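Colleague: Next comes the structure file model.cif, holding mmCIF, N, CA and C atoms.
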data_protein
#
loop_
_atom_site.label_atom_id
_atom_site.label_comp_id
_atom_site.auth_asym_id
_atom_site.auth_seq_id
_atom_site.Cartn_x
_atom_site.Cartn_y
_atom_site.Cartn_z
N MET O 1 75.45 90.78 84.55
CA MET O 1 76.07 91.79 83.70
C MET O 1 76.06 93.15 84.39
N LYS O 2 74.96 93.43 85.08
CA LYS O 2 74.82 94.71 85.78
C LYS O 2 75.92 94.85 86.84
N TYR O 3 76.19 93.76 87.56
CA TYR O 3 77.21 93.80 88.61
C TYR O 3 78.61 93.98 88.03
N LEU O 4 78.85 93.39 86.89
CA LEU O 4 80.14 93.53 86.23
C LEU O 4 80.39 94.99 85.85
N ILE O 5 79.39 95.66 85.35
CA ILE O 5 79.51 97.08 84.99
C ILE O 5 79.77 97.92 86.24
N ILE O 6 79.08 97.63 87.31
CA ILE O 6 79.28 98.37 88.57
C ILE O 6 80.70 98.16 89.09
N ILE O 7 81.17 96.94 89.08
CA ILE O 7 82.53 96.64 89.56
C ILE O 7 83.57 97.34 88.69
N LEU O 8 83.41 97.29 87.38
CA LEU O 8 84.35 97.97 86.49
C LEU O 8 84.35 99.48 86.72
N THR O 9 83.18 100.04 86.92
CA THR O 9 83.08 101.48 87.20
C THR O 9 83.82 101.84 88.48
N ILE O 10 83.64 101.04 89.51
CA ILE O 10 84.33 101.29 90.79
C ILE O 10 85.83 101.18 90.61
N LEU O 11 86.30 100.15 89.91
CA LEU O 11 87.73 99.97 89.69
C LEU O 11 88.33 101.14 88.90
N LEU O 12 87.65 101.58 87.87
CA LEU O 12 88.14 102.72 87.09
C LEU O 12 88.18 103.99 87.92
N THR O 13 87.21 104.20 88.77
CA THR O 13 87.19 105.38 89.65
C THR O 13 88.35 105.35 90.62
N LEU O 14 88.59 104.20 91.24
CA LEU O 14 89.71 104.08 92.19
C LEU O 14 91.05 104.28 91.49
N THR O 15 91.20 103.75 90.31
CA THR O 15 92.45 103.91 89.55
C THR O 15 92.69 105.38 89.22
N SER O 16 91.68 106.09 88.79
CA SER O 16 91.86 107.50 88.46
C SER O 16 92.16 108.32 89.70
N CYS O 17 91.62 107.95 90.85
CA CYS O 17 91.92 108.66 92.10
C CYS O 17 93.39 108.51 92.46
N ASN O 18 93.96 107.32 92.29
CA ASN O 18 95.37 107.10 92.58
C ASN O 18 96.25 107.92 91.66
N GLN O 19 95.90 108.04 90.39
CA GLN O 19 96.68 108.82 89.45
C GLN O 19 96.63 110.30 89.82
N GLU O 20 95.47 110.80 90.22
CA GLU O 20 95.35 112.19 90.62
C GLU O 20 96.15 112.47 91.89
N LYS O 21 96.16 111.53 92.82
CA LYS O 21 96.92 111.71 94.05
C LYS O 21 98.41 111.81 93.75
N GLU O 22 98.90 111.01 92.81
CA GLU O 22 100.31 111.06 92.41
C GLU O 22 100.65 112.42 91.82
N LYS O 23 99.74 112.97 91.01
CA LYS O 23 99.98 114.27 90.40
C LYS O 23 99.99 115.40 91.43
N GLU O 24 99.36 115.19 92.57
CA GLU O 24 99.23 116.22 93.57
C GLU O 24 100.45 116.36 94.47
N ARG O 25 101.49 115.52 94.29
CA ARG O 25 102.67 115.65 95.14
C ARG O 25 103.21 117.07 95.05
N GLU O 26 103.39 117.68 96.18
CA GLU O 26 103.81 119.08 96.21
C GLU O 26 105.32 119.19 96.01
N THR O 27 105.71 119.98 95.02
CA THR O 27 107.13 120.21 94.78
C THR O 27 107.62 121.36 95.64
N ILE O 28 108.82 121.18 96.19
CA ILE O 28 109.45 122.26 96.96
C ILE O 28 110.63 122.84 96.21
N LEU O 29 111.07 122.15 95.14
CA LEU O 29 112.13 122.68 94.31
C LEU O 29 111.99 122.13 92.90
N LEU O 30 112.06 123.03 91.93
CA LEU O 30 112.08 122.67 90.51
C LEU O 30 113.27 123.38 89.89
N ALA O 31 114.12 122.61 89.20
CA ALA O 31 115.29 123.19 88.54
C ALA O 31 115.50 122.46 87.23
N ASP O 32 116.09 123.16 86.25
CA ASP O 32 116.37 122.53 84.96
C ASP O 32 117.43 123.30 84.21
N ARG O 33 117.87 122.70 83.11
CA ARG O 33 118.74 123.38 82.16
C ARG O 33 118.55 122.73 80.81
N GLU O 34 118.81 123.51 79.78
CA GLU O 34 118.74 122.97 78.44
C GLU O 34 120.05 122.27 78.14
N ALA O 35 119.96 121.04 77.68
CA ALA O 35 121.14 120.26 77.28
C ALA O 35 121.32 120.42 75.77
N PRO O 36 122.46 120.00 75.23
CA PRO O 36 122.67 120.15 73.78
C PRO O 36 121.55 119.54 72.93
N LEU O 37 121.04 118.39 73.33
CA LEU O 37 119.97 117.75 72.57
C LEU O 37 118.81 117.36 73.46
N GLY O 38 118.43 118.22 74.39
CA GLY O 38 117.32 117.90 75.28
C GLY O 38 117.31 118.77 76.52
N TRP O 39 116.88 118.20 77.63
CA TRP O 39 116.76 118.92 78.89
C TRP O 39 117.18 118.04 80.05
N VAL O 40 117.56 118.68 81.16
CA VAL O 40 117.82 118.00 82.43
C VAL O 40 116.91 118.65 83.46
N TYR O 41 116.17 117.85 84.21
CA TYR O 41 115.22 118.34 85.20
C TYR O 41 115.52 117.76 86.57
N LEU O 42 115.29 118.56 87.61
CA LEU O 42 115.33 118.08 88.99
C LEU O 42 114.05 118.53 89.67
N ARG O 43 113.35 117.57 90.28
CA ARG O 43 112.13 117.85 91.03
C ARG O 43 112.30 117.26 92.43
N ILE O 44 112.20 118.10 93.45
CA ILE O 44 112.24 117.63 94.83
C ILE O 44 110.86 117.88 95.43
N TYR O 45 110.33 116.85 96.08
CA TYR O 45 108.97 116.91 96.62
C TYR O 45 109.00 117.09 98.14
N LYS O 46 107.88 117.54 98.65
CA LYS O 46 107.73 117.81 100.08
C LYS O 46 107.99 116.57 100.94
N ASP O 47 107.70 115.38 100.41
CA ASP O 47 107.89 114.14 101.18
C ASP O 47 109.35 113.64 101.15
N LYS O 48 110.29 114.50 100.74
CA LYS O 48 111.73 114.23 100.68
C LYS O 48 112.11 113.21 99.61
N THR O 49 111.29 113.06 98.60
CA THR O 49 111.65 112.26 97.44
C THR O 49 112.04 113.21 96.32
N PHE O 50 112.70 112.67 95.30
CA PHE O 50 113.12 113.50 94.17
C PHE O 50 113.14 112.68 92.90
N GLU O 51 113.19 113.38 91.79
CA GLU O 51 113.38 112.79 90.47
C GLU O 51 114.37 113.65 89.71
N PHE O 52 115.44 113.03 89.23
CA PHE O 52 116.41 113.67 88.35
C PHE O 52 116.18 113.07 86.98
N GLU O 53 115.84 113.90 86.00
CA GLU O 53 115.49 113.40 84.67
C GLU O 53 116.40 114.00 83.61
N SER O 54 116.95 113.13 82.81
CA SER O 54 117.75 113.53 81.66
C SER O 54 116.99 113.12 80.42
N ARG O 55 116.55 114.11 79.65
CA ARG O 55 115.68 113.84 78.50
C ARG O 55 116.35 114.34 77.22
N GLY O 56 116.41 113.47 76.24
CA GLY O 56 116.95 113.84 74.94
C GLY O 56 115.84 114.31 74.02
N LEU O 57 115.99 114.04 72.75
CA LEU O 57 115.00 114.48 71.77
C LEU O 57 113.68 113.72 71.91
N GLU O 58 113.75 112.48 72.41
CA GLU O 58 112.51 111.73 72.62
C GLU O 58 111.79 112.30 73.84
N ARG O 59 110.52 112.07 73.92
CA ARG O 59 109.71 112.65 74.99
C ARG O 59 109.99 112.03 76.36
N VAL O 60 110.35 110.76 76.39
CA VAL O 60 110.61 110.09 77.67
C VAL O 60 112.11 109.98 77.85
N GLY O 61 112.59 110.37 79.03
CA GLY O 61 114.01 110.31 79.29
C GLY O 61 114.34 109.33 80.39
N ASP O 62 115.58 109.38 80.86
CA ASP O 62 116.00 108.55 81.98
C ASP O 62 115.65 109.27 83.27
N ILE O 63 114.91 108.58 84.15
CA ILE O 63 114.53 109.18 85.43
C ILE O 63 115.23 108.42 86.54
N TYR O 64 115.96 109.17 87.36
CA TYR O 64 116.66 108.63 88.53
C TYR O 64 115.91 109.16 89.75
N ALA O 65 115.40 108.27 90.57
CA ALA O 65 114.58 108.68 91.72
C ALA O 65 115.20 108.20 93.02
N GLY O 66 114.73 108.79 94.12
CA GLY O 66 115.20 108.38 95.43
C GLY O 66 114.74 109.35 96.50
N ASN O 67 115.53 109.41 97.57
CA ASN O 67 115.25 110.32 98.68
C ASN O 67 116.35 111.36 98.77
N VAL O 68 116.01 112.47 99.35
CA VAL O 68 116.95 113.59 99.44
C VAL O 68 117.09 114.03 100.88
N GLU O 69 118.29 114.51 101.21
CA GLU O 69 118.55 115.07 102.54
C GLU O 69 119.31 116.38 102.36
N LEU O 70 118.88 117.41 103.05
CA LEU O 70 119.51 118.72 102.96
C LEU O 70 120.21 119.03 104.27
N LYS O 71 121.51 119.30 104.19
CA LYS O 71 122.31 119.71 105.35
C LYS O 71 123.00 121.02 104.99
N ASN O 72 122.62 122.09 105.70
CA ASN O 72 123.11 123.44 105.40
C ASN O 72 122.82 123.77 103.95
N ASP O 73 123.84 123.91 103.11
CA ASP O 73 123.62 124.24 101.70
C ASP O 73 123.93 123.06 100.78
N THR O 74 124.10 121.87 101.34
CA THR O 74 124.44 120.69 100.54
C THR O 74 123.25 119.74 100.48
N ILE O 75 122.95 119.28 99.26
CA ILE O 75 121.88 118.31 99.05
C ILE O 75 122.54 116.95 98.81
N TYR O 76 122.09 115.94 99.55
CA TYR O 76 122.57 114.57 99.40
C TYR O 76 121.44 113.75 98.77
N PHE O 77 121.73 113.18 97.61
CA PHE O 77 120.74 112.38 96.89
C PHE O 77 121.01 110.91 97.14
N LYS O 78 120.01 110.19 97.62
CA LYS O 78 120.11 108.75 97.84
C LYS O 78 119.24 108.07 96.79
N TYR O 79 119.88 107.59 95.73
CA TYR O 79 119.17 107.02 94.59
C TYR O 79 118.67 105.62 94.90
N LEU O 80 117.52 105.26 94.34
CA LEU O 80 116.96 103.92 94.50
C LEU O 80 117.71 102.90 93.67
N ASP O 81 118.14 103.28 92.50
CA ASP O 81 118.83 102.38 91.58
C ASP O 81 120.20 102.92 91.24
N SER O 82 120.38 103.25 90.00
CA SER O 82 121.66 103.76 89.53
C SER O 82 121.79 105.26 89.79
N ILE O 83 123.02 105.72 89.79
CA ILE O 83 123.34 107.13 90.02
C ILE O 83 123.69 107.76 88.67
N PRO O 84 123.10 108.91 88.34
CA PRO O 84 123.46 109.55 87.07
C PRO O 84 124.88 110.09 87.12
N LYS O 85 125.43 110.39 85.96
CA LYS O 85 126.81 110.86 85.88
C LYS O 85 127.01 112.20 86.57
N ALA O 86 125.94 112.91 86.88
CA ALA O 86 126.05 114.20 87.58
C ALA O 86 126.51 114.00 89.02
N GLY O 87 126.24 112.84 89.61
CA GLY O 87 126.67 112.55 90.97
C GLY O 87 125.53 112.54 91.97
N ASN O 88 125.89 112.46 93.25
CA ASN O 88 124.87 112.38 94.29
C ASN O 88 124.98 113.48 95.35
N LYS O 89 125.75 114.51 95.08
CA LYS O 89 125.85 115.66 96.00
C LYS O 89 125.80 116.95 95.19
N ALA O 90 125.13 117.94 95.77
CA ALA O 90 125.02 119.23 95.09
C ALA O 90 124.99 120.35 96.11
N ILE O 91 125.42 121.51 95.68
CA ILE O 91 125.36 122.74 96.49
C ILE O 91 124.12 123.50 96.06
N LEU O 92 123.35 123.96 97.03
CA LEU O 92 122.14 124.73 96.77
C LEU O 92 122.41 126.19 97.06
N THR O 93 122.21 127.03 96.06
CA THR O 93 122.29 128.48 96.25
C THR O 93 120.91 129.06 95.95
N GLU O 94 120.82 130.36 95.97
CA GLU O 94 119.54 131.00 95.72
C GLU O 94 119.01 130.75 94.31
N LYS O 95 119.94 130.64 93.33
CA LYS O 95 119.52 130.52 91.94
C LYS O 95 119.89 129.20 91.26
N PHE O 96 120.79 128.40 91.87
CA PHE O 96 121.27 127.21 91.18
C PHE O 96 121.41 126.01 92.11
N VAL O 97 121.32 124.83 91.51
CA VAL O 97 121.70 123.56 92.14
C VAL O 97 122.92 123.10 91.35
N SER O 98 124.07 122.99 92.04
CA SER O 98 125.33 122.66 91.36
C SER O 98 125.87 121.34 91.88
N TYR O 99 125.81 120.31 91.04
CA TYR O 99 126.38 119.00 91.39
C TYR O 99 127.90 119.11 91.32
N PHE O 100 128.60 118.46 92.27
CA PHE O 100 130.04 118.61 92.30
C PHE O 100 130.84 117.32 92.43
N ASN O 101 130.23 116.18 92.54
CA ASN O 101 131.03 114.97 92.70
C ASN O 101 130.76 113.90 91.65
N GLY O 102 130.32 114.30 90.49
CA GLY O 102 130.02 113.34 89.42
C GLY O 102 131.13 113.29 88.38
N ASP O 103 130.83 112.64 87.28
CA ASP O 103 131.79 112.56 86.17
C ASP O 103 131.97 113.91 85.48
N TYR O 104 131.00 114.79 85.63
CA TYR O 104 131.09 116.13 85.06
C TYR O 104 130.30 117.08 85.97
N PRO O 105 130.64 118.36 85.98
CA PRO O 105 129.86 119.30 86.80
C PRO O 105 128.52 119.59 86.13
N GLU O 106 127.48 119.60 86.90
CA GLU O 106 126.13 119.85 86.40
C GLU O 106 125.54 121.01 87.18
N ARG O 107 124.98 121.99 86.50
CA ARG O 107 124.38 123.14 87.16
C ARG O 107 123.00 123.40 86.58
N LEU O 108 121.99 123.33 87.45
CA LEU O 108 120.61 123.53 87.04
C LEU O 108 120.08 124.83 87.62
N GLU O 109 119.35 125.57 86.82
CA GLU O 109 118.77 126.82 87.27
C GLU O 109 117.47 126.55 88.01
N ILE O 110 117.31 127.14 89.17
CA ILE O 110 116.12 126.95 89.99
C ILE O 110 114.98 127.79 89.42
N LYS O 111 113.86 127.13 89.16
CA LYS O 111 112.65 127.81 88.67
C LYS O 111 111.66 128.05 89.80
N LYS O 112 111.65 127.15 90.79
CA LYS O 112 110.76 127.28 91.95
C LYS O 112 111.48 126.68 93.14
N SER O 113 111.44 127.38 94.27
CA SER O 113 112.02 126.82 95.49
C SER O 113 111.34 127.44 96.71
N ILE O 114 110.96 126.57 97.62
CA ILE O 114 110.49 127.05 98.93
C ILE O 114 111.43 126.53 100.02
N ILE O 115 112.62 126.09 99.58
CA ILE O 115 113.65 125.64 100.52
C ILE O 115 114.45 126.87 100.95
N LYS O 116 114.65 126.99 102.23
CA LYS O 116 115.46 128.10 102.77
C LYS O 116 116.93 127.68 102.75
N THR O 117 117.82 128.55 102.24
CA THR O 117 119.24 128.27 102.21
C THR O 117 119.97 129.20 103.15
N LYS O 118 121.10 128.72 103.65
CA LYS O 118 121.97 129.55 104.49
C LYS O 118 123.16 129.94 103.64
N ASN O 119 123.21 131.19 103.19
CA ASN O 119 124.31 131.66 102.33
C ASN O 119 125.33 132.42 103.14
#
Could you write out this structure as structure tokens?
Modeller:
Amino acid sequence: MKYLIIILTILLTLTSCNQEKEKERETILLADREAPLGWVYLRIYKDKTFEFESRGLERVGDIYAGNVELKNDTIYFKYLDSIPKAGNKAILTEKFVSYFNGDYPERLEIKKSIIKTKN
């Protein structure tokens, strides 16, 4: 019984360490906008991954994830699964991320950015 408690304690410690490591991913860009019935979020991380989240009134929304590539002022999103209606290309300016090749134009206001742009 003593060994079972020790093993469970070790497993719980390792699991919590993995969760903390996930939370520590450094963001290099945070952008969002208020939607009619929710929010749209974009998070780009230092490891060149991203999450595009469309959230309605419920707390959990649709999250589209993948890798990102920046060329000059254009961001190319390479989604792992499906592509949101906003599209997979956007222009990066000092204050906004503007998607331009989707079913509708999407513009998110930048709240945090350490990405350098060429304007």
Colleague: I want to know what sits within 6.5 Å of Ser98 (chain O), based on only N, CA and C atoms, with residues of the same chain fewer than 4 positions away left out; could you give that as a PDB file with N, CA and C atoms, keeping the file's coordinate frame?
Modeller:
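The new file part_0.pdb reads:
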ATOM      1  N   LYS O  89     125.750 114.510  95.080  1.00  0.00           N
ATOM      2  CA  LYS O  89     125.850 115.660  96.000  1.00  0.00           C
ATOM      3  C   LYS O  89     125.800 116.950  95.190  1.00  0.00           C
ATOM      4  N   ALA O  90     125.130 117.940  95.770  1.00  0.00           N
ATOM      5  CA  ALA O  90     125.020 119.230  95.090  1.00  0.00           C
ATOM      6  C   ALA O  90     124.990 120.350  96.110  1.00  0.00           C
ATOM      7  N   ILE O  91     125.420 121.510  95.680  1.00  0.00           N
ATOM      8  CA  ILE O  91     125.360 122.740  96.490  1.00  0.00           C
ATOM      9  C   ILE O  91     124.120 123.500  96.060  1.00  0.00           C
ATOM     10  N   LEU O  92     123.350 123.960  97.030  1.00  0.00           N
ATOM     11  CA  LEU O  92     122.140 124.730  96.770  1.00  0.00           C
ATOM     12  C   LEU O  92     122.410 126.190  97.060  1.00  0.00           C
ATOM     13  N   THR O  93     122.210 127.030  96.060  1.00  0.00           N
ATOM     14  CA  THR O  93     122.290 128.480  96.250  1.00  0.00           C
ATOM     15  C   THR O  93     120.910 129.060  95.950  1.00  0.00           C
ATOM     16  N   GLU O 106     127.480 119.600  86.900  1.00  0.00           N
ATOM     17  CA  GLU O 106     126.130 119.850  86.400  1.00  0.00           C
ATOM     18  C   GLU O 106     125.540 121.010  87.180  1.00  0.00           C
ATOM     19  N   ARG O 107     124.980 121.990  86.500  1.00  0.00           N
ATOM     20  CA  ARG O 107     124.380 123.140  87.160  1.00  0.00           C
ATOM     21  C   ARG O 107     123.000 123.400  86.580  1.00  0.00           C
ATOM     22  N   LEU O 108     121.990 123.330  87.450  1.00  0.00           N
ATOM     23  CA  LEU O 108     120.610 123.530  87.040  1.00  0.00           C
ATOM     24  C   LEU O 108     120.080 124.830  87.620  1.00  0.00           C
TER      25      LEU O 108
END
Colleague: Given the file shown, determine the residues that the PyMOL selection byres ((chain O and resi 49) around 5) selects; report them as a ChimeraX atom specification.
Modeller: /O:44-45,47-48,50-51,66-68
Colleague: Just the number, please: distance in Å from atom N of Asp103 (chain O) to CA of Leu57 (chain O), one decimal.
Modeller: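 Value for the atom N of Asp103 (chain O)-CA of Leu57 (chain O) distance: 22.2 Å.
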Colleague: Choose the residue, out of O:Ile115, O:Gly56, O:Arg43, O:Lys95, that has the smallest atom-to-atom separation from Thr27 (chain O); count only C-alpha atoms.
Modeller: O:Arg43
Colleague: Suppose a student applies the PyMOL selection byres (((chain O and resi 33-41 and name CA) around 6) and name CA) to this structure; what residues should they get, written as an mmCIF file with N, CA and C atoms, in the frame of the given file?
Modeller:
data_model
loop_
_atom_site.group_PDB
_atom_site.id
_atom_site.type_symbol
_atom_site.label_atom_id
_atom_site.label_comp_id
_atom_site.auth_asym_id
_atom_site.auth_seq_id
_atom_site.Cartn_x
_atom_site.Cartn_y
_atom_site.Cartn_z
ATOM 1 N N ALA O 31 114.120 122.610 89.200
ATOM 2 C CA ALA O 31 115.290 123.190 88.540
ATOM 3 C C ALA O 31 115.500 122.460 87.230
ATOM 4 N N ASP O 32 116.090 123.160 86.250
ATOM 5 C CA ASP O 32 116.370 122.530 84.960
ATOM 6 C C ASP O 32 117.430 123.300 84.210
ATOM 7 N N LEU O 42 115.290 118.560 87.610
ATOM 8 C CA LEU O 42 115.330 118.080 88.990
ATOM 9 C C LEU O 42 114.050 118.530 89.670
ATOM 10 N N PHE O 52 115.440 113.030 89.230
ATOM 11 C CA PHE O 52 116.410 113.670 88.350
ATOM 12 C C PHE O 52 116.180 113.070 86.980
ATOM 13 N N GLU O 53 115.840 113.900 86.000
ATOM 14 C CA GLU O 53 115.490 113.400 84.670
ATOM 15 C C GLU O 53 116.400 114.000 83.610
ATOM 16 N N SER O 54 116.950 113.130 82.810
ATOM 17 C CA SER O 54 117.750 113.530 81.660
ATOM 18 C C SER O 54 116.990 113.120 80.420
ATOM 19 N N ARG O 55 116.550 114.110 79.650
ATOM 20 C CA ARG O 55 115.680 113.840 78.500
ATOM 21 C C ARG O 55 116.350 114.340 77.220
ATOM 22 N N GLY O 56 116.410 113.470 76.240
ATOM 23 C CA GLY O 56 116.950 113.840 74.940
ATOM 24 C C GLY O 56 115.840 114.310 74.020
ATOM 25 N N LEU O 57 115.990 114.040 72.750
ATOM 26 C CA LEU O 57 115.000 114.480 71.770
ATOM 27 C C LEU O 57 113.680 113.720 71.910
ATOM 28 N N LEU O 108 121.990 123.330 87.450
ATOM 29 C CA LEU O 108 120.610 123.530 87.040
ATOM 30 C C LEU O 108 120.080 124.830 87.620
#
Colleague: Give the strand (DSSP E) residues of chain O, as DSSP finds them on the backbone, and put them as a ChimeraX atom specification.
Modeller: /O:27-35,38-45,49-55,62-71,74-79,89-92,96-99,106-113
Colleague: If you run DSSP over the backbone, which residues in chain O end up helix (DSSP H, G or I)? Put them as a list in words.
Modeller: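 Those in chain O that DSSP calls helix (DSSP H, G or I) are Lys2, Tyr3, Leu4, Ile5, Ile6, Ile7, Leu8, Thr9, Ile10, Leu11, Leu12, Thr13, Leu14, Thr15, Ser16, Cys17, Asn18, Gln19, Glu20, Lys21, Glu22 and Lys23 of chain O.
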Colleague: Show which residues sit within 8 Å of region 81-83 of chain O, as a list in words. Count all atoms listed in the file, and ignore same-chain residues fewer than 5 positions away.
Modeller: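 Answer for this query is Ile63, Tyr64, Ala65, Gly66 and Asn88 of chain O.
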Colleague: What is the distance, in Å and to one decimal place, between atom N of Lys112 (chain O) and atom N of Phe96 (chain O)?
Modeller: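 Result for atom N of Lys112 (chain O) versus atom N of Phe96 (chain O): 9.3 Å, one decimal.
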Colleague: Once the PyMOL selection byres ((chain O and resi 113) around 5) has been evaluated on this model, what residues remain selected, and can you format them as an NGL selection string?
Modeller: :O and (28-30 or 111-112 or 114-115)
